[in-house]
Every structure is written in C-alpha cells, then in structure tokens.
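Shown below: data-v2.cif, with mmCIF, C-alpha atoms.
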```cif
data_protein
#
loop_
_atom_site.label_atom_id
_atom_site.label_comp_id
_atom_site.auth_asym_id
_atom_site.auth_seq_id
_atom_site.Cartn_x
_atom_site.Cartn_y
_atom_site.Cartn_z
CA MET A 257 11.27 -16.72 19.48
CA SER A 258 13.29 -14.44 21.70
CA LYS A 259 13.92 -10.79 21.05
CA LYS A 260 17.44 -9.65 20.24
CA SER A 261 16.71 -6.04 19.41
CA ASN A 262 14.11 -3.32 19.83
CA VAL A 263 13.79 -3.03 16.09
CA LEU A 264 12.01 -5.53 13.87
CA ILE A 265 12.89 -5.71 10.18
CA ILE A 266 9.78 -6.64 8.17
CA ILE A 267 10.42 -8.30 4.81
CA PRO A 268 7.21 -8.62 2.76
CA ALA A 269 7.70 -11.28 0.08
CA TYR A 270 5.44 -12.23 -2.79
CA ASN A 271 6.80 -14.87 -5.20
CA GLU A 272 10.43 -14.12 -4.35
CA GLU A 273 11.86 -17.67 -4.41
CA GLU A 274 14.80 -16.45 -6.52
CA ASN A 275 15.78 -13.71 -4.09
CA ILE A 276 14.52 -14.49 -0.59
CA VAL A 277 17.34 -16.75 0.62
CA ARG A 278 20.11 -14.45 -0.63
CA VAL A 279 18.40 -11.35 0.79
CA VAL A 280 17.73 -12.82 4.25
CA ARG A 281 21.19 -14.42 4.49
CA GLY A 282 22.71 -11.07 3.55
CA LEU A 283 20.64 -9.35 6.22
CA GLU A 284 21.62 -11.94 8.86
CA GLU A 285 25.29 -11.42 8.01
CA THR A 286 25.29 -7.63 7.85
CA CYS A 287 22.82 -6.95 10.67
CA PRO A 288 23.16 -9.88 13.10
CA ASP A 289 21.87 -7.75 15.98
CA TYR A 290 18.45 -7.13 14.48
CA ASP A 291 15.36 -9.28 14.57
CA TYR A 292 13.56 -9.79 11.29
CA VAL A 293 10.42 -11.47 10.03
CA VAL A 294 9.60 -12.51 6.48
CA VAL A 295 5.92 -11.98 5.67
CA ASN A 296 5.03 -14.40 2.89
CA ASP A 297 2.07 -12.79 1.16
CA GLY A 298 0.34 -15.94 -0.08
CA SER A 299 3.02 -16.63 -2.71
CA SER A 300 2.22 -19.25 -5.33
CA ASP A 301 5.89 -20.27 -5.60
CA HIS A 302 8.25 -21.82 -3.02
CA THR A 303 8.96 -18.67 -0.99
CA ALA A 304 7.42 -20.02 2.23
CA GLN A 305 8.96 -23.47 1.82
CA LEU A 306 12.44 -21.97 1.34
CA CYS A 307 11.99 -19.86 4.48
CA ARG A 308 11.03 -22.94 6.52
CA GLU A 309 13.90 -25.02 5.14
CA ASN A 310 16.38 -22.29 6.05
CA GLY A 311 14.84 -21.67 9.46
CA PHE A 312 13.95 -18.04 8.76
CA SER A 313 11.54 -16.26 11.04
CA LEU A 314 8.28 -16.35 9.05
CA LEU A 315 4.72 -15.08 9.03
CA ASP A 316 2.94 -17.16 6.40
CA LEU A 317 -0.24 -15.50 5.13
CA PRO A 318 -2.58 -18.18 3.71
CA VAL A 319 -3.91 -15.88 0.96
CA ASN A 320 -2.49 -12.97 -1.00
CA LEU A 321 -3.37 -9.64 0.61
CA GLY A 322 -1.14 -7.26 -1.32
CA LEU A 323 1.67 -5.11 0.06
CA THR A 324 -0.57 -3.10 2.39
CA GLY A 325 -1.98 -6.23 4.02
CA ALA A 326 1.41 -7.92 4.28
CA ILE A 327 3.08 -4.89 5.86
CA GLN A 328 0.16 -4.47 8.23
CA ALA A 329 0.59 -8.09 9.33
CA GLY A 330 4.24 -7.32 10.05
CA PHE A 331 3.34 -4.16 11.96
CA LEU A 332 0.71 -6.00 14.01
CA TYR A 333 3.30 -8.64 14.91
CA ALA A 334 5.87 -5.95 15.81
CA TYR A 335 3.29 -4.14 17.91
CA GLN A 336 2.12 -7.22 19.79
CA GLN A 337 5.69 -8.38 20.43
CA GLY A 338 6.52 -4.98 21.91
CA TYR A 339 9.08 -3.73 19.40
CA ASP A 340 9.98 -0.01 19.52
CA ALA A 341 10.45 0.34 15.79
CA ALA A 342 9.82 -1.52 12.56
CA LEU A 343 11.78 -1.29 9.35
CA GLN A 344 10.35 -2.15 5.95
CA PHE A 345 12.84 -4.04 3.79
CA ASP A 346 12.25 -5.36 0.26
CA ALA A 347 12.69 -9.06 -0.46
CA ASP A 348 13.85 -8.47 -4.02
CA GLY A 349 17.38 -7.36 -3.11
CA GLN A 350 16.94 -3.66 -3.95
CA HIS A 351 17.50 -2.57 -0.37
CA LEU A 352 21.02 -2.88 1.04
CA ALA A 353 21.47 -4.18 4.57
CA GLN A 354 24.46 -1.94 5.34
CA TYR A 355 22.15 1.08 5.53
CA VAL A 356 19.79 -0.39 8.14
CA ASP A 357 21.94 0.91 11.00
CA SER A 358 22.04 4.51 9.81
CA LEU A 359 18.25 4.59 9.43
CA VAL A 360 17.71 3.23 12.92
CA GLN A 361 20.25 5.66 14.41
CA GLU A 362 18.42 8.58 12.77
CA LEU A 363 15.11 7.34 14.20
CA ASP A 364 16.65 7.20 17.66
CA LYS A 365 17.03 10.98 17.52
CA GLY A 366 13.32 11.14 18.29
CA LEU A 367 11.78 10.94 14.84
CA ASP A 368 8.63 9.11 13.79
CA VAL A 369 9.55 8.02 10.27
CA VAL A 370 12.95 7.80 8.59
CA ILE A 371 13.08 7.14 4.85
CA GLY A 372 16.06 5.55 3.16
CA SER A 373 16.36 8.05 0.35
CA ARG A 374 18.33 7.81 -2.86
CA PHE A 375 18.36 11.57 -3.35
CA VAL A 376 19.41 13.40 -0.18
CA THR A 377 22.90 14.18 -1.41
CA GLN A 378 22.61 12.76 -4.91
CA LYS A 379 20.59 14.10 -7.80
CA LYS A 380 17.77 12.29 -9.52
CA ASN A 381 18.48 11.08 -13.00
CA LYS A 382 16.04 12.16 -15.66
CA SER A 383 13.72 9.26 -16.39
CA LEU A 384 9.96 8.89 -16.54
CA ARG A 385 10.02 7.11 -13.21
CA MET A 386 11.92 9.93 -11.54
CA LEU A 387 9.47 12.43 -13.04
CA GLY A 388 6.75 10.50 -11.22
CA SER A 389 8.75 10.64 -8.01
CA SER A 390 9.21 14.41 -8.43
CA ILE A 391 5.48 14.93 -8.98
CA ILE A 392 4.66 13.06 -5.77
CA SER A 393 7.32 15.12 -3.93
CA ALA A 394 5.70 18.29 -5.27
CA CYS A 395 2.23 17.13 -4.13
CA ILE A 396 3.54 16.45 -0.62
CA PHE A 397 5.29 19.85 -0.53
CA LEU A 398 2.09 21.54 -1.69
CA VAL A 399 0.01 20.23 1.20
CA SER A 400 2.60 19.94 3.99
CA ARG A 401 5.43 22.39 3.11
CA VAL A 402 7.94 19.61 3.74
CA ARG A 403 10.30 18.37 1.05
CA ILE A 404 10.55 14.59 0.81
CA LYS A 405 13.11 13.86 -1.86
CA ASP A 406 12.39 10.15 -2.30
CA PRO A 407 8.73 9.58 -1.38
CA THR A 408 8.43 6.26 -3.23
CA SER A 409 11.38 4.63 -1.47
CA GLY A 410 10.13 1.46 0.19
CA MET A 411 12.95 1.40 2.75
CA ARG A 412 11.51 3.12 5.79
CA VAL A 413 11.69 2.76 9.54
CA PHE A 414 8.75 3.66 11.78
CA SER A 415 8.56 4.48 15.49
CA ARG A 416 6.26 2.53 17.81
CA ALA A 417 3.78 5.42 17.95
CA THR A 418 3.54 5.32 14.15
CA ILE A 419 3.27 1.52 14.07
CA GLU A 420 0.33 1.86 16.44
CA LYS A 421 -1.42 4.12 13.92
CA PHE A 422 -0.85 1.58 11.16
CA VAL A 423 -2.25 -1.19 13.33
CA HIS A 424 -5.32 0.57 14.67
CA ASN A 425 -6.41 2.67 11.71
CA PHE A 426 -8.02 2.13 8.40
CA ASN A 427 -6.41 3.63 5.29
CA PHE A 428 -2.79 3.47 6.41
CA GLY A 429 -0.87 1.90 3.54
CA PRO A 430 2.92 1.86 3.18
CA GLU A 431 2.66 4.50 0.45
CA PRO A 432 3.61 8.18 -0.03
CA ASP A 433 0.07 9.41 0.69
CA THR A 434 0.30 7.98 4.20
CA ILE A 435 3.69 9.69 4.66
CA SER A 436 2.08 12.96 3.57
CA TYR A 437 -0.80 12.45 5.98
CA LEU A 438 1.58 11.62 8.83
CA ILE A 439 3.58 14.81 8.20
CA LYS A 440 0.40 16.89 8.14
CA THR A 441 -0.73 15.43 11.44
CA GLY A 442 2.56 16.32 13.14
CA ALA A 443 4.85 13.35 12.63
CA ARG A 444 8.56 14.14 12.31
CA VAL A 445 9.87 12.60 9.12
CA SER A 446 13.42 12.67 7.86
CA GLU A 447 15.53 11.10 5.14
CA VAL A 448 18.91 9.37 5.17
CA GLN A 449 21.00 8.86 2.06
CA VAL A 450 21.14 5.23 0.90
CA GLU A 451 22.05 3.43 -2.27
CA MET A 452 19.79 0.87 -3.86
CA ALA A 453 20.65 -2.07 -6.06
CA GLU A 454 19.00 -3.01 -9.29
CA ARG A 455 16.73 -6.00 -9.06
CA ILE A 456 18.79 -9.15 -9.66
CA ALA A 457 16.19 -11.82 -10.33
CA GLY A 458 12.46 -11.94 -10.89
CA GLU A 459 10.23 -9.28 -12.34
CA SER A 460 9.04 -5.96 -11.01
CA TYR A 461 5.28 -5.67 -10.88
CA LEU A 462 5.42 -2.09 -12.12
CA ASN A 463 4.94 -1.50 -15.84
CA PRO A 464 4.52 2.00 -17.35
CA TRP A 465 0.71 1.84 -17.25
CA LYS A 466 0.57 0.65 -13.68
CA SER A 467 3.14 3.31 -12.74
CA MET A 468 0.98 6.01 -14.29
CA GLY A 469 -2.13 4.75 -12.51
CA TYR A 470 -0.16 4.64 -9.26
CA MET A 471 1.04 8.21 -9.78
CA LEU A 472 -2.45 9.49 -10.49
CA ARG A 473 -3.85 7.69 -7.45
CA MET A 474 -1.14 9.11 -5.20
CA ALA A 475 -1.56 12.66 -6.54
CA ILE A 476 -5.35 12.60 -6.06
CA SER A 477 -5.02 11.00 -2.66
CA ILE A 478 -2.39 13.45 -1.39
CA ILE A 479 -4.00 16.62 -2.72
CA PHE A 480 -7.73 15.95 -2.51
CA ILE A 481 -8.42 13.17 -0.08
CA GLN A 482 -5.87 13.45 2.73
CA ALA A 483 -7.03 17.01 3.45
CA PHE A 484 -10.42 15.69 4.56
CA ARG A 485 -9.17 12.96 6.86
CA LYS A 486 -9.37 13.29 10.59
CA MET B 154 -27.85 22.01 -21.78
CA SER B 155 -30.28 24.01 -19.65
CA VAL B 156 -29.05 26.12 -16.77
CA VAL B 157 -31.14 24.05 -14.35
CA LEU B 158 -29.49 20.83 -15.49
CA ARG B 159 -26.06 22.42 -15.14
CA ILE B 160 -26.86 23.53 -11.61
CA ILE B 161 -28.09 20.02 -10.79
CA LEU B 162 -24.89 18.49 -12.16
CA ILE B 163 -22.69 20.90 -10.18
CA LEU B 164 -24.59 20.63 -6.90
CA GLY B 165 -25.09 16.89 -7.33
CA SER B 166 -21.39 16.21 -7.94
CA VAL B 167 -20.31 18.39 -5.01
CA ALA B 168 -22.75 16.66 -2.66
CA PHE B 169 -21.64 13.27 -3.96
CA ALA B 170 -17.94 14.05 -3.46
CA GLY B 171 -18.74 15.37 0.01
CA TYR B 172 -20.50 12.12 0.89
CA VAL B 173 -17.55 10.01 -0.34
CA LEU B 174 -15.04 12.16 1.56
CA GLY B 175 -17.20 11.82 4.66
CA LYS B 176 -17.00 8.04 4.34
CA ILE B 177 -13.20 8.26 4.17
CA ARG B 178 -13.14 10.60 7.13
CA HIS B 179 -15.02 8.06 9.20
CA SER B 180 -12.90 5.16 7.93
CA LYS B 181 -15.76 3.45 6.12
CA MET B 182 -14.10 3.40 2.71
CA ARG B 183 -10.65 2.61 1.43
CA ILE B 184 -8.86 5.46 -0.33
CA GLU B 185 -8.08 3.23 -3.31
CA ASP B 186 -11.77 2.53 -3.76
CA SER B 187 -12.75 6.17 -3.39
CA ILE B 188 -10.46 7.46 -6.16
CA PHE B 189 -12.92 6.30 -8.85
CA TRP B 190 -15.82 8.15 -7.25
CA ILE B 191 -13.80 11.31 -6.66
CA LEU B 192 -12.72 11.35 -10.33
CA PHE B 193 -16.31 10.60 -11.32
CA SER B 194 -17.72 13.59 -9.46
CA LEU B 195 -14.85 15.79 -10.72
CA ILE B 196 -15.80 15.00 -14.32
CA ILE B 197 -19.52 15.57 -13.75
CA PHE B 198 -18.64 18.83 -12.03
CA CYS B 199 -16.64 19.90 -15.10
CA PHE B 200 -19.54 18.94 -17.39
CA GLY B 201 -21.82 21.25 -15.41
CA LEU B 202 -19.31 24.08 -15.22
CA PHE B 203 -18.14 23.91 -18.86
CA PRO B 204 -21.07 22.76 -21.03
CA GLY B 205 -18.85 23.14 -24.09
CA LEU B 206 -17.12 19.93 -22.99
CA PRO B 207 -20.10 17.55 -23.34
CA THR B 208 -21.25 19.49 -26.43
CA LEU B 209 -17.92 18.86 -28.13
CA CYS B 210 -17.89 15.18 -27.13
CA ALA B 211 -21.47 14.75 -28.34
CA GLU B 212 -20.59 16.26 -31.73
CA LEU B 213 -17.52 14.05 -32.03
CA ILE B 214 -19.48 10.80 -31.70
CA GLY B 215 -22.58 12.07 -33.51
CA ILE B 216 -25.05 12.51 -30.67
CA GLN B 217 -27.45 15.39 -31.27
CA SER B 218 -28.05 16.56 -27.74
CA PRO B 219 -25.19 17.07 -25.27
CA VAL B 220 -27.41 15.96 -22.41
CA ASN B 221 -27.69 12.53 -24.04
CA PHE B 222 -23.93 12.35 -24.04
CA VAL B 223 -23.88 13.11 -20.31
CA TYR B 224 -26.34 10.26 -19.65
CA LEU B 225 -24.41 7.85 -21.89
CA PHE B 226 -21.16 8.77 -20.17
CA ILE B 227 -22.52 8.23 -16.67
CA LEU B 228 -24.12 4.95 -17.76
CA LEU B 229 -20.90 3.65 -19.28
CA LEU B 230 -18.84 4.53 -16.21
CA ILE B 231 -21.35 2.79 -13.97
CA ILE B 232 -21.27 -0.35 -16.13
CA VAL B 233 -17.46 -0.39 -15.96
CA LYS B 234 -17.56 0.06 -12.19
CA CYS B 235 -20.21 -2.64 -11.85
CA LEU B 236 -18.07 -5.11 -13.79
CA GLY B 237 -15.05 -4.18 -11.69
CA LEU B 238 -17.03 -4.78 -8.50
CA SER B 239 -18.27 -8.12 -9.80
CA LEU B 240 -14.69 -9.22 -10.49
CA LYS B 241 -13.58 -8.04 -7.10
CA LEU B 242 -16.41 -9.91 -5.41
CA SER B 243 -15.41 -13.12 -7.20
CA LYS B 244 -11.86 -12.69 -5.93
CA THR B 245 -13.06 -11.92 -2.41
CA GLU B 246 -15.25 -15.03 -2.41
CA ALA B 247 -12.38 -17.20 -3.63
CA THR B 248 -10.22 -15.80 -0.82
CA LEU B 249 -12.94 -16.40 1.75
CA PHE B 250 -13.42 -20.00 0.54
CA ARG B 251 -9.72 -20.68 0.86
CA LEU B 252 -9.55 -19.21 4.37
CA VAL B 253 -12.53 -21.22 5.61
CA GLN B 254 -11.18 -24.42 4.06
CA LYS B 255 -7.72 -23.84 5.54
CA GLU B 256 -9.21 -23.17 8.96
CA ALA B 257 -11.22 -26.43 8.83
CA ILE B 258 -8.26 -28.49 7.61
CA ASP B 259 -5.89 -27.00 10.21
CA GLU B 260 -8.44 -27.83 12.89
CA ALA B 261 -8.80 -31.41 11.64
CA VAL B 262 -5.02 -31.91 11.52
CA LYS B 263 -4.69 -30.55 15.05
CA GLU B 264 -7.38 -32.94 16.29
CA GLN B 265 -5.79 -35.92 14.54
CA GLU B 266 -2.46 -35.09 16.15
CA LYS B 267 -4.13 -34.88 19.56
CA MET B 268 -5.86 -38.22 19.04
CA GLY B 269 -2.58 -39.76 17.90
CA LYS B 270 -0.87 -38.58 21.07
CA GLU B 271 -3.66 -39.95 23.30
CA HIS B 272 -3.47 -43.34 21.57
CA LYS B 273 0.26 -43.48 22.14
CA GLU B 274 -0.26 -42.74 25.82
CA ASP B 275 -2.79 -45.60 25.96
CA ASP B 276 -0.23 -47.98 24.47
CA ILE B 277 2.25 -47.17 27.19
#
```
Translate the structure described by the file into structure tokens.
Amino acid sequence: MSKKSNVLIIIPAYNEEENIVRVVRGLEETCPDYDYVVVNDGSSDHTAQLCRENGFSLLDLPVNLGLTGAIQAGFLYAYQQGYDAALQFDADGQHLAQYVDSLVQELDKGLDVVIGSRFVTQKKNKSLRMLGSSIISACIFLVSRVRIKDPTSGMRVFSRATIEKFVHNFNFGPEPDTISYLIKTGARVSEVQVEMAERIAGESYLNPWKSMGYMLRMAISIIFIQAFRK
Amino acid sequence: MSVVLRIILILGSVAFAGYVLGKIRHSKMRIEDSIFWILFSLIIFCFGLFPGLPTLCAELIGIQSPVNFVYLFILLLIIVKCLGLSLKLSKTEATLFRLVQKEAIDEAVKEQEKMGKEHKEDDI
C-alpha cells in the first residue's frame, strides 16, 4: 500500500455490515486525498468480508478487543507507517466526511488534538445525554481550566506526538479522560464545529444504564485518578 | 462502632486507595479496573468518617451491630468482584484459545501453500 497523504483516517468497525460500505465509499468520494484504514474489531458479522470484497484498506483483528484496542491498533499502524496525524472516524455513519478537511487544517496550526465538536457555535439541546456531556465538560474544566464543549465526540484528529503516546503508554483510551490528561500534561487541544448525522442502520451500544456507568467512570477517572498519573 | 475501628477503616481505606493509585501511576493497572477499588475505598472511608451511615443501614436490614453490617458489606462486594473476575478470566481464556488456534492454522496454511509451490516447480 502506498501513502497518498500524511494523515491516516482510522475507522474502527464492530458489526457494521449495514453501514461500512456506504461510510467508506462516502469517505473515498469526499476525501479522495486521504489514506484510511478500517479496523475490523473481531466482528461476528460480514464486516471484514465486505471490506475485502470492496478492496478497502483493512486491519482485521482476529478477536474482539473493544474500541480502545481497535483504535490502538490503528494508531500503531499509523505510527509504524510514518503518518503525521491520525483521525478517528466512526463506521456507523454519524461522522460526516466533509468535515475531515477542516479538522486536519486546524491541526496543521500546530495543535496536538482537534475535536470535531457539535457545540462550538451551536447550543446543546436539553437531553439526558447532553447533561452527561456537560458533566464531563465540567469535570475537565475543574481539573484543567480548559473548556471542551463536546468531550464525548468520537471524531478527533491527533498529531504524531500524541499518537506516539497512545502507542507507547498504558491507559490511553480514546475517551474524554485521556483528553483531560493530555490537556493537563501540556497538549494543545482545540475544537472545530461539525455536524453529525443520526445513526442510519444498526444499533448503538449505549443504553441509559451503560451511559450512566460510562459517565460515572469518566467523572471518577478525570477528577480522582488522572491527578495521580505521571 | 469503636473509635479504634473507625480509625482503622479510615487509615486502611486511604492506604488502599494510595496503593491502587500507585499502581496506575506506574502503569500496572488499567483505569477501568481501578474504578471499582477506588469506589470501594471511598465507601469504606465514608463508613469510618460517618458511623451513622453503617448504623442506619444496619437498622434498615435488621442487623444489631453496625460493625457486622460493615463486614457483610465488604464481603458482598468482594464476592461480586470475584465473580466478575471469574467471568473476565473465562473470556480472556476463550480469546487466548482463539488466538493460539488461529496462529497454528495460519502457519499450517502458509506451509501447505509453500509445499504446493515447491511441488509445482518439481513438475516443471
């Protein structure tokens, strides 16, 4: 595989046979200048098979590792192949390819992490989910004095220096607590306004209970645990 | 609860939390796995600091002595954690099995392909 760009788009996919082809085709059309790799996270459906049939660039994990493991595989690949930046892009169609460029351009200004945020210029609607997002924002502000308006957005681009941290260190997950830790240790993080689509097919793995557990974990991690890390 | 027991609970939970945080600091434990233990020591700490808490809980479920409630509570949490670990171990073993099997099969397929090629060369 030859490199077209200095940026690698990483698409972690777990059981996304209904979305993966449409999402990757859309990405190829809208962002033809970027390299991408689908990381199939040990799906039990036909995700990997569809990727092979369509000739998509693919990392096929033989067992399910979860999002952290899948993203880390993508980062390791990006790091070893010498990419300068890596962008995390959902396989379920929520992230829109037309915003990839603006995120990368922002990163090129010398930042370490750029988050595709739904709420830079637009207000959050009042739902339970957004309450959770606000609480995580508040936790991050409490420990780092930086306001991240959309900490749970999964559309983020990372500089090579940051990728290196993800590759070499333990406890770097693609989650808000890592963002908080990065800010505290001097990383420059910014947000760019994006829109996101509703999920078209398949099911989100987040139900209210899981969301609450996630929230609690993030809050404890950001406030109590990150302070003690080196 | 006696003052001595309360002091033991408070000091014990602080030392415990310190140990867990030290493990995270030196990258020996995943944050996800540590959350349980941090919450655990936080609760024990609260029991030591506010003895009214275990007293109230003990009264609610009809246990005479609050200290018995503290023991029961710790025991229950440990059983839950133990079960969770057992489940996780099963999953880890299943994953390991699959990886080892895949590795062996991939190796065998590679060898067969190599042999196939050599045979073809012999034919020519």
What's around Glu285 (chain A) at 12 Å? Count only C-alpha atoms, leave out sequence neighbours fewer than 5 positions away in its own chain, and write the answer as a ChimeraX atom specification. /A:278-280,290,352-354
Selection to disk with C-alpha atoms, as a compact mmCIF listing (two decimals), keeping the file's coordinate frame:
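The new file selection10.txt reads:
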```txt
# COMPACT_ATOMS: atom_id res chain seq x y z
CA ARG A 278 20.11 -14.45 -0.63
CA VAL A 279 18.40 -11.35 0.79
CA VAL A 280 17.73 -12.82 4.25
CA TYR A 290 18.45 -7.13 14.48
CA LEU A 352 21.02 -2.88 1.04
CA ALA A 353 21.47 -4.18 4.57
CA GLN A 354 24.46 -1.94 5.34
```
Which residue, B:Val253, B:Ala170, B:Met154, B:Met268, has the smallest gap to Leu206 (chain B) when you use all atoms listed in the file?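 Answer, going by the shortest atom-to-atom distance: B:Met154.
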Using the chain letters and numbers from the file, which residues does the PyMOL selection byres ((chain A and resi 328-338) around 6) grab, as JSON, numbers by chain? {"A": [266, 325, 326, 327, 339, 423]}
Residues of chain B near chain A: apply a cut-off of 9 Å, count only C-alpha atoms, and supply the list as a PyMOL selection string. chain B and resi 174-175+177-185+187-188+191-192+248+251-252+255
Taking (17.2, -21.2, -2.0) in the file's own coordinates, collect the residues within 9 Å, counting only C-alpha atoms, and hand them back as a ChimeraX atom specification. /A:273-278,303,306-307,309-310
Neighbours of Tyr292 (chain A) within 9 Å (only C-alpha atoms; same-chain residues fewer than 2 positions away dropped), as a ChimeraX atom specification? /A:263-267,280,283-284,290,294,312-314,343
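Of note, CA of Ser155 (chain B) and CA of Cys235 (chain B) are spaced 29.5 Å apart.
Take CA of Ser373 (chain A) and CA of Leu438 (chain A): the distance between them is 17.4 Å.
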Coordinates-based distance that separates CA of Glu451 (chain A) from CA of Ser383 (chain A) (Å, one decimal):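 Between CA of Ser383 (chain A) and CA of Glu451 (chain A) the gap works out to 17.4 Å.
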Could you check the closest approach to Leu363 (chain A) for each of A:Phe422, A:Phe414, A:Tyr470, A:Tyr270 and tell me which residue wins, using all atoms listed in the file?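 Going through A:Phe422, A:Phe414, A:Tyr470, A:Tyr270 one by one, the smallest distance to Leu363 (chain A) is for A:Phe414.
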Fix up region 429-453 of chain A with N, CA and C atoms, then write it as a compact mmCIF listing (two decimals), in the coordinates of the input.
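Listing of rebuild14.txt after writing:
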```txt
# COMPACT_ATOMS: atom_id res chain seq x y z
N GLY A 429 -1.65 2.81 4.38
CA GLY A 429 -0.87 1.90 3.54
C GLY A 429 0.58 2.34 3.56
N PRO A 430 1.51 1.46 3.20
CA PRO A 430 2.92 1.86 3.18
C PRO A 430 3.23 2.64 1.90
N GLU A 431 2.54 3.74 1.69
CA GLU A 431 2.66 4.50 0.45
C GLU A 431 2.89 5.99 0.76
N PRO A 432 3.31 6.76 -0.26
CA PRO A 432 3.61 8.18 -0.03
C PRO A 432 2.42 8.99 0.52
N ASP A 433 1.19 8.60 0.18
CA ASP A 433 0.07 9.41 0.69
C ASP A 433 -0.05 9.29 2.21
N THR A 434 0.30 8.13 2.75
CA THR A 434 0.30 7.98 4.20
C THR A 434 1.40 8.84 4.83
N ILE A 435 2.57 8.85 4.18
CA ILE A 435 3.69 9.69 4.66
C ILE A 435 3.22 11.15 4.72
N SER A 436 2.58 11.58 3.64
CA SER A 436 2.08 12.96 3.57
C SER A 436 1.09 13.24 4.70
N TYR A 437 0.19 12.30 4.92
CA TYR A 437 -0.80 12.45 5.98
C TYR A 437 -0.13 12.50 7.36
N LEU A 438 0.86 11.63 7.55
CA LEU A 438 1.58 11.62 8.83
C LEU A 438 2.25 12.96 9.09
N ILE A 439 2.90 13.52 8.04
CA ILE A 439 3.58 14.81 8.20
C ILE A 439 2.56 15.89 8.58
N LYS A 440 1.43 15.86 7.89
CA LYS A 440 0.40 16.89 8.14
C LYS A 440 -0.16 16.80 9.55
N THR A 441 -0.17 15.58 10.10
CA THR A 441 -0.73 15.43 11.44
C THR A 441 0.37 15.48 12.51
N GLY A 442 1.54 16.00 12.13
CA GLY A 442 2.56 16.32 13.14
C GLY A 442 3.68 15.33 13.32
N ALA A 443 3.75 14.29 12.49
CA ALA A 443 4.85 13.35 12.63
C ALA A 443 6.15 13.98 12.11
N ARG A 444 7.26 13.64 12.78
CA ARG A 444 8.56 14.14 12.31
C ARG A 444 9.18 13.10 11.39
N VAL A 445 9.38 13.51 10.16
CA VAL A 445 9.87 12.60 9.12
C VAL A 445 11.19 13.12 8.58
N SER A 446 12.16 12.22 8.45
CA SER A 446 13.42 12.67 7.86
C SER A 446 13.95 11.63 6.88
N GLU A 447 14.97 12.01 6.13
CA GLU A 447 15.53 11.10 5.14
C GLU A 447 17.02 10.89 5.37
N VAL A 448 17.49 9.70 5.05
CA VAL A 448 18.91 9.37 5.17
C VAL A 448 19.35 8.84 3.81
N GLN A 449 20.52 9.30 3.37
CA GLN A 449 21.00 8.86 2.06
C GLN A 449 21.33 7.36 2.05
N VAL A 450 20.78 6.64 1.09
CA VAL A 450 21.14 5.23 0.90
C VAL A 450 21.36 4.99 -0.59
N GLU A 451 22.00 3.87 -0.89
CA GLU A 451 22.05 3.43 -2.27
C GLU A 451 21.10 2.26 -2.41
N MET A 452 20.60 2.06 -3.62
CA MET A 452 19.79 0.87 -3.86
C MET A 452 20.34 0.10 -5.04
N ALA A 453 20.15 -1.22 -4.98
CA ALA A 453 20.65 -2.07 -6.06
C ALA A 453 19.57 -2.25 -7.11
```
